[in-house]
file work_7.csv (CSV, C-alpha atoms)
chain,number,residue,atom,x,y,z
A,29,MET,CA,-23.7,22.6,17.2
A,30,LYS,CA,-22.0,24.2,14.2
A,31,ASP,CA,-19.9,26.5,16.4
A,32,LYS,CA,-18.7,23.5,18.5
A,33,ILE,CA,-17.6,21.7,15.4
A,34,LEU,CA,-15.8,24.7,14.0
A,35,SER,CA,-14.2,25.3,17.4
A,36,PHE,CA,-13.0,21.7,17.6
A,37,ILE,CA,-11.5,21.9,14.1
A,38,SER,CA,-9.9,25.2,14.9
A,39,ASN,CA,-8.3,23.9,18.2
A,40,TYR,CA,-7.5,20.3,17.3
A,41,GLY,CA,-7.5,20.2,13.4
A,42,LEU,CA,-3.7,20.0,13.0
A,43,ILE,CA,-3.4,17.3,15.7
A,44,VAL,CA,-6.1,15.2,14.2
A,45,GLY,CA,-4.6,15.6,10.7
A,46,GLY,CA,-1.2,14.7,12.0
A,47,ILE,CA,-2.5,11.5,13.7
A,48,PHE,CA,-4.3,10.6,10.4
A,49,MET,CA,-1.0,11.0,8.5
A,50,ILE,CA,0.9,8.8,11.0
A,51,MET,CA,-1.8,6.1,10.7
A,52,ILE,CA,-1.5,6.1,6.9
A,53,SER,CA,2.3,6.0,7.1
A,54,ILE,CA,2.1,3.0,9.4
A,55,ILE,CA,-0.1,1.2,6.9
A,56,GLY,CA,2.5,1.9,4.2
A,57,LEU,CA,5.3,0.7,6.4
A,58,ARG,CA,3.4,-2.5,7.3
A,59,ASN,CA,2.7,-3.3,3.6
A,60,GLY,CA,6.4,-2.7,2.8
A,61,TYR,CA,7.4,-5.0,5.6
A,62,LEU,CA,5.0,-7.7,4.4
A,63,ASP,CA,6.4,-7.4,0.8
A,64,LYS,CA,9.9,-7.7,2.2
A,65,GLN,CA,9.0,-10.9,4.0
A,66,ILE,CA,7.5,-12.4,0.9
A,67,THR,CA,10.6,-11.4,-1.1
A,68,GLU,CA,13.0,-12.9,1.5
A,69,ARG,CA,10.9,-16.1,1.6
A,70,ASN,CA,11.2,-16.3,-2.2
A,71,GLU,CA,8.5,-19.0,-2.7
A,72,THR,CA,7.1,-18.7,-6.2
A,73,VAL,CA,3.6,-20.0,-7.2
A,74,LYS,CA,2.0,-20.3,-10.6
A,75,VAL,CA,-1.2,-18.3,-11.0
A,76,LYS,CA,-3.6,-18.3,-13.9
A,77,VAL,CA,-4.0,-14.9,-15.4
A,78,ILE,CA,-7.7,-13.9,-16.0
A,79,ASP,CA,-7.3,-10.3,-17.0
A,80,CYS,CA,-5.0,-7.3,-16.6
A,81,SER,CA,-6.6,-4.0,-17.6
A,82,GLU,CA,-6.9,-0.3,-17.0
A,83,THR,CA,-10.0,0.9,-15.2
A,84,GLY,CA,-9.4,4.6,-15.8
A,85,ASN,CA,-7.0,7.3,-14.4
A,86,ARG,CA,-4.1,4.9,-15.1
A,87,HIS,CA,-5.2,2.4,-12.5
A,88,TYR,CA,-4.3,-1.1,-13.6
A,89,PHE,CA,-5.7,-4.3,-12.0
A,90,LEU,CA,-4.5,-7.8,-12.4
A,91,LYS,CA,-7.2,-10.4,-12.0
A,92,PHE,CA,-5.9,-13.9,-11.4
A,93,GLU,CA,-6.8,-17.3,-10.0
A,94,PHE,CA,-4.9,-19.5,-7.6
A,95,LYS,CA,-6.1,-22.7,-6.1
A,96,GLY,CA,-9.7,-22.0,-7.2
A,97,LYS,CA,-9.8,-18.6,-5.7
A,98,THR,CA,-9.9,-15.4,-7.7
A,99,PHE,CA,-7.7,-12.4,-6.6
A,100,VAL,CA,-7.5,-8.8,-7.8
A,101,LYS,CA,-4.2,-7.0,-7.4
A,102,ARG,CA,-3.7,-3.3,-8.2
A,103,THR,CA,-0.6,-3.0,-10.3
A,104,LYS,CA,1.3,-0.8,-12.8
A,105,SER,CA,1.0,-0.7,-16.6
A,106,LEU,CA,4.5,-2.1,-16.8
A,107,TYR,CA,3.4,-5.4,-15.2
A,108,CYS,CA,0.3,-5.7,-17.5
A,109,GLU,CA,2.6,-5.2,-20.5
A,110,LYS,CA,5.0,-7.9,-19.3
A,111,ILE,CA,2.2,-10.5,-18.8
A,112,SER,CA,0.2,-9.6,-21.9
A,113,GLY,CA,-0.7,-12.7,-23.8
A,114,LYS,CA,0.3,-15.1,-21.0
A,115,SER,CA,-2.2,-17.4,-19.4
A,116,GLU,CA,0.0,-18.3,-16.5
A,117,ILE,CA,2.7,-16.4,-14.6
A,118,GLU,CA,4.9,-16.9,-11.5
A,119,MET,CA,4.5,-14.7,-8.5
A,120,LEU,CA,5.9,-14.6,-5.0
A,121,SER,CA,3.5,-15.5,-2.2
A,122,ASN,CA,3.3,-15.6,1.6
A,123,LYS,CA,2.7,-18.8,3.6
A,124,LYS,CA,-1.1,-18.4,3.6
A,125,ASN,CA,-1.2,-17.7,-0.1
A,126,ASP,CA,-3.4,-14.7,0.4
A,127,ARG,CA,-0.9,-12.0,-0.7
A,128,PHE,CA,1.0,-12.0,-4.0
A,129,ILE,CA,3.7,-9.8,-5.5
A,130,PHE,CA,5.8,-9.8,-8.6
A,131,SER,CA,9.4,-11.0,-8.2
A,132,ASP,CA,10.9,-7.5,-8.6
A,133,GLU,CA,8.0,-5.6,-7.0
A,134,TYR,CA,9.7,-5.1,-3.6
A,135,LYS,CA,12.8,-3.7,-5.2
A,136,THR,CA,10.9,-1.1,-7.3
A,137,ASP,CA,7.9,-0.2,-5.1
A,138,ASN,CA,8.6,-0.8,-1.4
A,139,ASP,CA,7.1,2.6,-0.2
A,140,TYR,CA,9.4,2.7,2.9
A,141,PHE,CA,10.8,6.1,1.9
A,142,PHE,CA,7.4,7.9,1.3
A,143,SER,CA,5.7,6.3,4.3
A,144,SER,CA,8.6,7.4,6.5
A,145,ILE,CA,8.4,11.0,5.1
A,146,LEU,CA,4.6,11.0,5.6
A,147,GLY,CA,5.0,9.8,9.3
A,148,LEU,CA,7.7,12.5,10.0
A,149,MET,CA,5.4,15.2,8.5
A,150,GLY,CA,2.6,13.9,10.7
A,151,ILE,CA,4.8,14.2,13.8
A,152,PHE,CA,5.8,17.7,12.8
A,153,ILE,CA,2.2,18.8,12.2
A,154,ILE,CA,1.1,17.4,15.6
A,155,TYR,CA,4.0,19.3,17.2
A,156,LYS,CA,3.0,22.5,15.5
A,157,GLY,CA,-0.7,21.9,16.4
A,158,SER,CA,0.1,21.3,20.1
A,159,LYS,CA,2.5,24.3,20.2
A,160,SER,CA,-0.2,26.6,18.7
A,161,LYS,CA,-2.8,25.2,21.1
A,162,LYS,CA,-0.6,26.3,24.1
A,163,ASN,CA,-0.4,29.9,22.7

call {"tool": "encode", "arguments": {"input": "work_7.csv", "output": "structure tokens"}}
result
Amino acid sequence: MKDKILSFISNYGLIVGGIFMIMISIIGLRNGYLDKQITERNETVKVKVIDCSETGNRHYFLKFEFKGKTFVKRTKSLYCEKISGKSEIEMLSNKKNDRFIFSDEYKTDNDYFFSSILGLMGIFIIYKGSKSKKN
């Protein structure tokens, strides 16, 4: 059994890794697209700030309430500093009001570039893996 697993990894590891990278890049591109739609829609909503804090390793999370529902959004320290001491802030939202971004977040953090690079690297790795498989 162990030999079969090692043989599979040896033969198809690059291809599987490349496919995984492409899947991650598609998720990043999709999230960037959704943020772009929210920015273009430009509908602001007022949300009640519950907390904005660091949870370790410089990971910041904004906890807020909108229409009786509590949401948690991963963010940067910059945004936590901007909203410090405020009980209510304006954010952009989609039609369903289940996705929220700061008004300048798409301009500063849209991830299109890095997701595209990751996808291209995945394609290159799959190509190399399939080429080495033929040899």

call {"tool": "closest_residue", "arguments": {"input": "work_7.csv", "among": "A:Ile43, A:Asp31, A:Phe48, A:Tyr61", "to": "Asn138 of chain A", "atoms": "all atoms listed in the file"}}
result
A:Tyr61

call {"tool": "atom_distance", "arguments": {"input": "work_7.csv", "atom1": "atom CA of Glu93 of chain A", "atom2": "atom CA of Ile78 of chain A"}}
result
7.0 Å

call {"tool": "residues_around", "arguments": {"input": "work_7.csv", "residues": "Ser144 of chain A", "least_positions_apart": "2", "cutoff": "10 Å", "atoms": "all atoms listed in the file", "output": "list in words"}}
result
Ile50, Ser53, Ile54, Gly56, Leu57, Asp139, Tyr140, Phe141, Phe142, Leu146, Gly147, Leu148, Met149 and Gly150 of chain A

call {"tool": "residues_around", "arguments": {"input": "work_7.csv", "residues": "segment 121-137 of chain A", "least_positions_apart": "5", "cutoff": "8 Å", "atoms": "all atoms listed in the file", "output": "NGL selection string"}}
result
:A and (60 or 63-67 or 69-73 or 101)

call {"tool": "closest_residue", "arguments": {"input": "work_7.csv", "among": "A:Arg86, A:Lys76, A:Lys156, A:Arg58", "to": "Glu116 of chain A", "atoms": "all atoms listed in the file"}}
result
A:Lys76

call {"tool": "build_atoms", "arguments": {"input": "work_7.csv", "residues": "segment 88-111 of chain A", "atoms": "N, CA and C atoms", "output": "PDB file, keeping the file's coordinate frame"}}
result
ATOM      1  N   TYR A  88      -4.333   0.193 -12.971  1.00  0.00           N
ATOM      2  CA  TYR A  88      -4.300  -1.100 -13.600  1.00  0.00           C
ATOM      3  C   TYR A  88      -4.588  -2.181 -12.515  1.00  0.00           C
ATOM      4  N   PHE A  89      -5.355  -3.190 -12.897  1.00  0.00           N
ATOM      5  CA  PHE A  89      -5.700  -4.300 -12.000  1.00  0.00           C
ATOM      6  C   PHE A  89      -5.431  -5.600 -12.664  1.00  0.00           C
ATOM      7  N   LEU A  90      -4.737  -6.480 -11.936  1.00  0.00           N
ATOM      8  CA  LEU A  90      -4.500  -7.800 -12.400  1.00  0.00           C
ATOM      9  C   LEU A  90      -5.494  -8.750 -11.713  1.00  0.00           C
ATOM     10  N   LYS A  91      -6.264  -9.445 -12.513  1.00  0.00           N
ATOM     11  CA  LYS A  91      -7.200 -10.400 -12.000  1.00  0.00           C
ATOM     12  C   LYS A  91      -6.643 -11.792 -12.289  1.00  0.00           C
ATOM     13  N   PHE A  92      -6.461 -12.611 -11.242  1.00  0.00           N
ATOM     14  CA  PHE A  92      -5.900 -13.900 -11.400  1.00  0.00           C
ATOM     15  C   PHE A  92      -6.494 -14.944 -10.513  1.00  0.00           C
ATOM     16  N   GLU A  93      -6.224 -16.206 -10.814  1.00  0.00           N
ATOM     17  CA  GLU A  93      -6.800 -17.300 -10.000  1.00  0.00           C
ATOM     18  C   GLU A  93      -5.659 -18.162  -9.487  1.00  0.00           C
ATOM     19  N   PHE A  94      -5.814 -18.568  -8.222  1.00  0.00           N
ATOM     20  CA  PHE A  94      -4.900 -19.500  -7.600  1.00  0.00           C
ATOM     21  C   PHE A  94      -5.606 -20.419  -6.685  1.00  0.00           C
ATOM     22  N   LYS A  95      -5.441 -21.698  -6.912  1.00  0.00           N
ATOM     23  CA  LYS A  95      -6.100 -22.700  -6.100  1.00  0.00           C
ATOM     24  C   LYS A  95      -7.619 -22.538  -6.053  1.00  0.00           C
ATOM     25  N   GLY A  96      -8.219 -22.190  -7.171  1.00  0.00           N
ATOM     26  CA  GLY A  96      -9.700 -22.000  -7.200  1.00  0.00           C
ATOM     27  C   GLY A  96     -10.216 -20.729  -6.701  1.00  0.00           C
ATOM     28  N   LYS A  97      -9.353 -19.875  -6.173  1.00  0.00           N
ATOM     29  CA  LYS A  97      -9.800 -18.600  -5.700  1.00  0.00           C
ATOM     30  C   LYS A  97      -9.354 -17.476  -6.628  1.00  0.00           C
ATOM     31  N   THR A  98     -10.211 -16.475  -6.778  1.00  0.00           N
ATOM     32  CA  THR A  98      -9.900 -15.400  -7.700  1.00  0.00           C
ATOM     33  C   THR A  98      -9.403 -14.180  -6.810  1.00  0.00           C
ATOM     34  N   PHE A  99      -8.314 -13.574  -7.273  1.00  0.00           N
ATOM     35  CA  PHE A  99      -7.700 -12.400  -6.600  1.00  0.00           C
ATOM     36  C   PHE A  99      -7.625 -11.259  -7.555  1.00  0.00           C
ATOM     37  N   VAL A 100      -7.675 -10.058  -7.014  1.00  0.00           N
ATOM     38  CA  VAL A 100      -7.500  -8.800  -7.800  1.00  0.00           C
ATOM     39  C   VAL A 100      -6.382  -8.047  -7.130  1.00  0.00           C
ATOM     40  N   LYS A 101      -5.384  -7.672  -7.924  1.00  0.00           N
ATOM     41  CA  LYS A 101      -4.200  -7.000  -7.400  1.00  0.00           C
ATOM     42  C   LYS A 101      -4.047  -5.677  -8.205  1.00  0.00           C
ATOM     43  N   ARG A 102      -3.950  -4.554  -7.496  1.00  0.00           N
ATOM     44  CA  ARG A 102      -3.700  -3.300  -8.200  1.00  0.00           C
ATOM     45  C   ARG A 102      -2.189  -3.318  -8.574  1.00  0.00           C
ATOM     46  N   THR A 103      -1.919  -2.891  -9.794  1.00  0.00           N
ATOM     47  CA  THR A 103      -0.600  -3.000 -10.300  1.00  0.00           C
ATOM     48  C   THR A 103      -0.263  -1.793 -11.222  1.00  0.00           C
ATOM     49  N   LYS A 104       0.867  -1.830 -11.860  1.00  0.00           N
ATOM     50  CA  LYS A 104       1.300  -0.800 -12.800  1.00  0.00           C
ATOM     51  C   LYS A 104       1.154  -1.292 -14.218  1.00  0.00           C
ATOM     52  N   SER A 105       1.095  -0.363 -15.157  1.00  0.00           N
ATOM     53  CA  SER A 105       1.000  -0.700 -16.600  1.00  0.00           C
ATOM     54  C   SER A 105       2.146  -1.596 -17.015  1.00  0.00           C
ATOM     55  N   LEU A 106       3.315  -1.367 -16.453  1.00  0.00           N
ATOM     56  CA  LEU A 106       4.500  -2.100 -16.800  1.00  0.00           C
ATOM     57  C   LEU A 106       4.282  -3.631 -16.614  1.00  0.00           C
ATOM     58  N   TYR A 107       3.665  -4.018 -15.505  1.00  0.00           N
ATOM     59  CA  TYR A 107       3.400  -5.400 -15.200  1.00  0.00           C
ATOM     60  C   TYR A 107       2.349  -5.995 -16.192  1.00  0.00           C
ATOM     61  N   CYS A 108       1.335  -5.195 -16.501  1.00  0.00           N
ATOM     62  CA  CYS A 108       0.300  -5.700 -17.500  1.00  0.00           C
ATOM     63  C   CYS A 108       0.952  -5.891 -18.822  1.00  0.00           C
ATOM     64  N   GLU A 109       1.882  -5.019 -19.211  1.00  0.00           N
ATOM     65  CA  GLU A 109       2.600  -5.200 -20.500  1.00  0.00           C
ATOM     66  C   GLU A 109       3.432  -6.451 -20.483  1.00  0.00           C
ATOM     67  N   LYS A 110       4.100  -6.717 -19.355  1.00  0.00           N
ATOM     68  CA  LYS A 110       5.000  -7.900 -19.300  1.00  0.00           C
ATOM     69  C   LYS A 110       4.195  -9.205 -19.389  1.00  0.00           C
ATOM     70  N   ILE A 111       2.989  -9.239 -18.841  1.00  0.00           N
ATOM     71  CA  ILE A 111       2.200 -10.500 -18.800  1.00  0.00           C
ATOM     72  C   ILE A 111       1.220 -10.587 -19.969  1.00  0.00           C
TER      73      ILE A 111
END
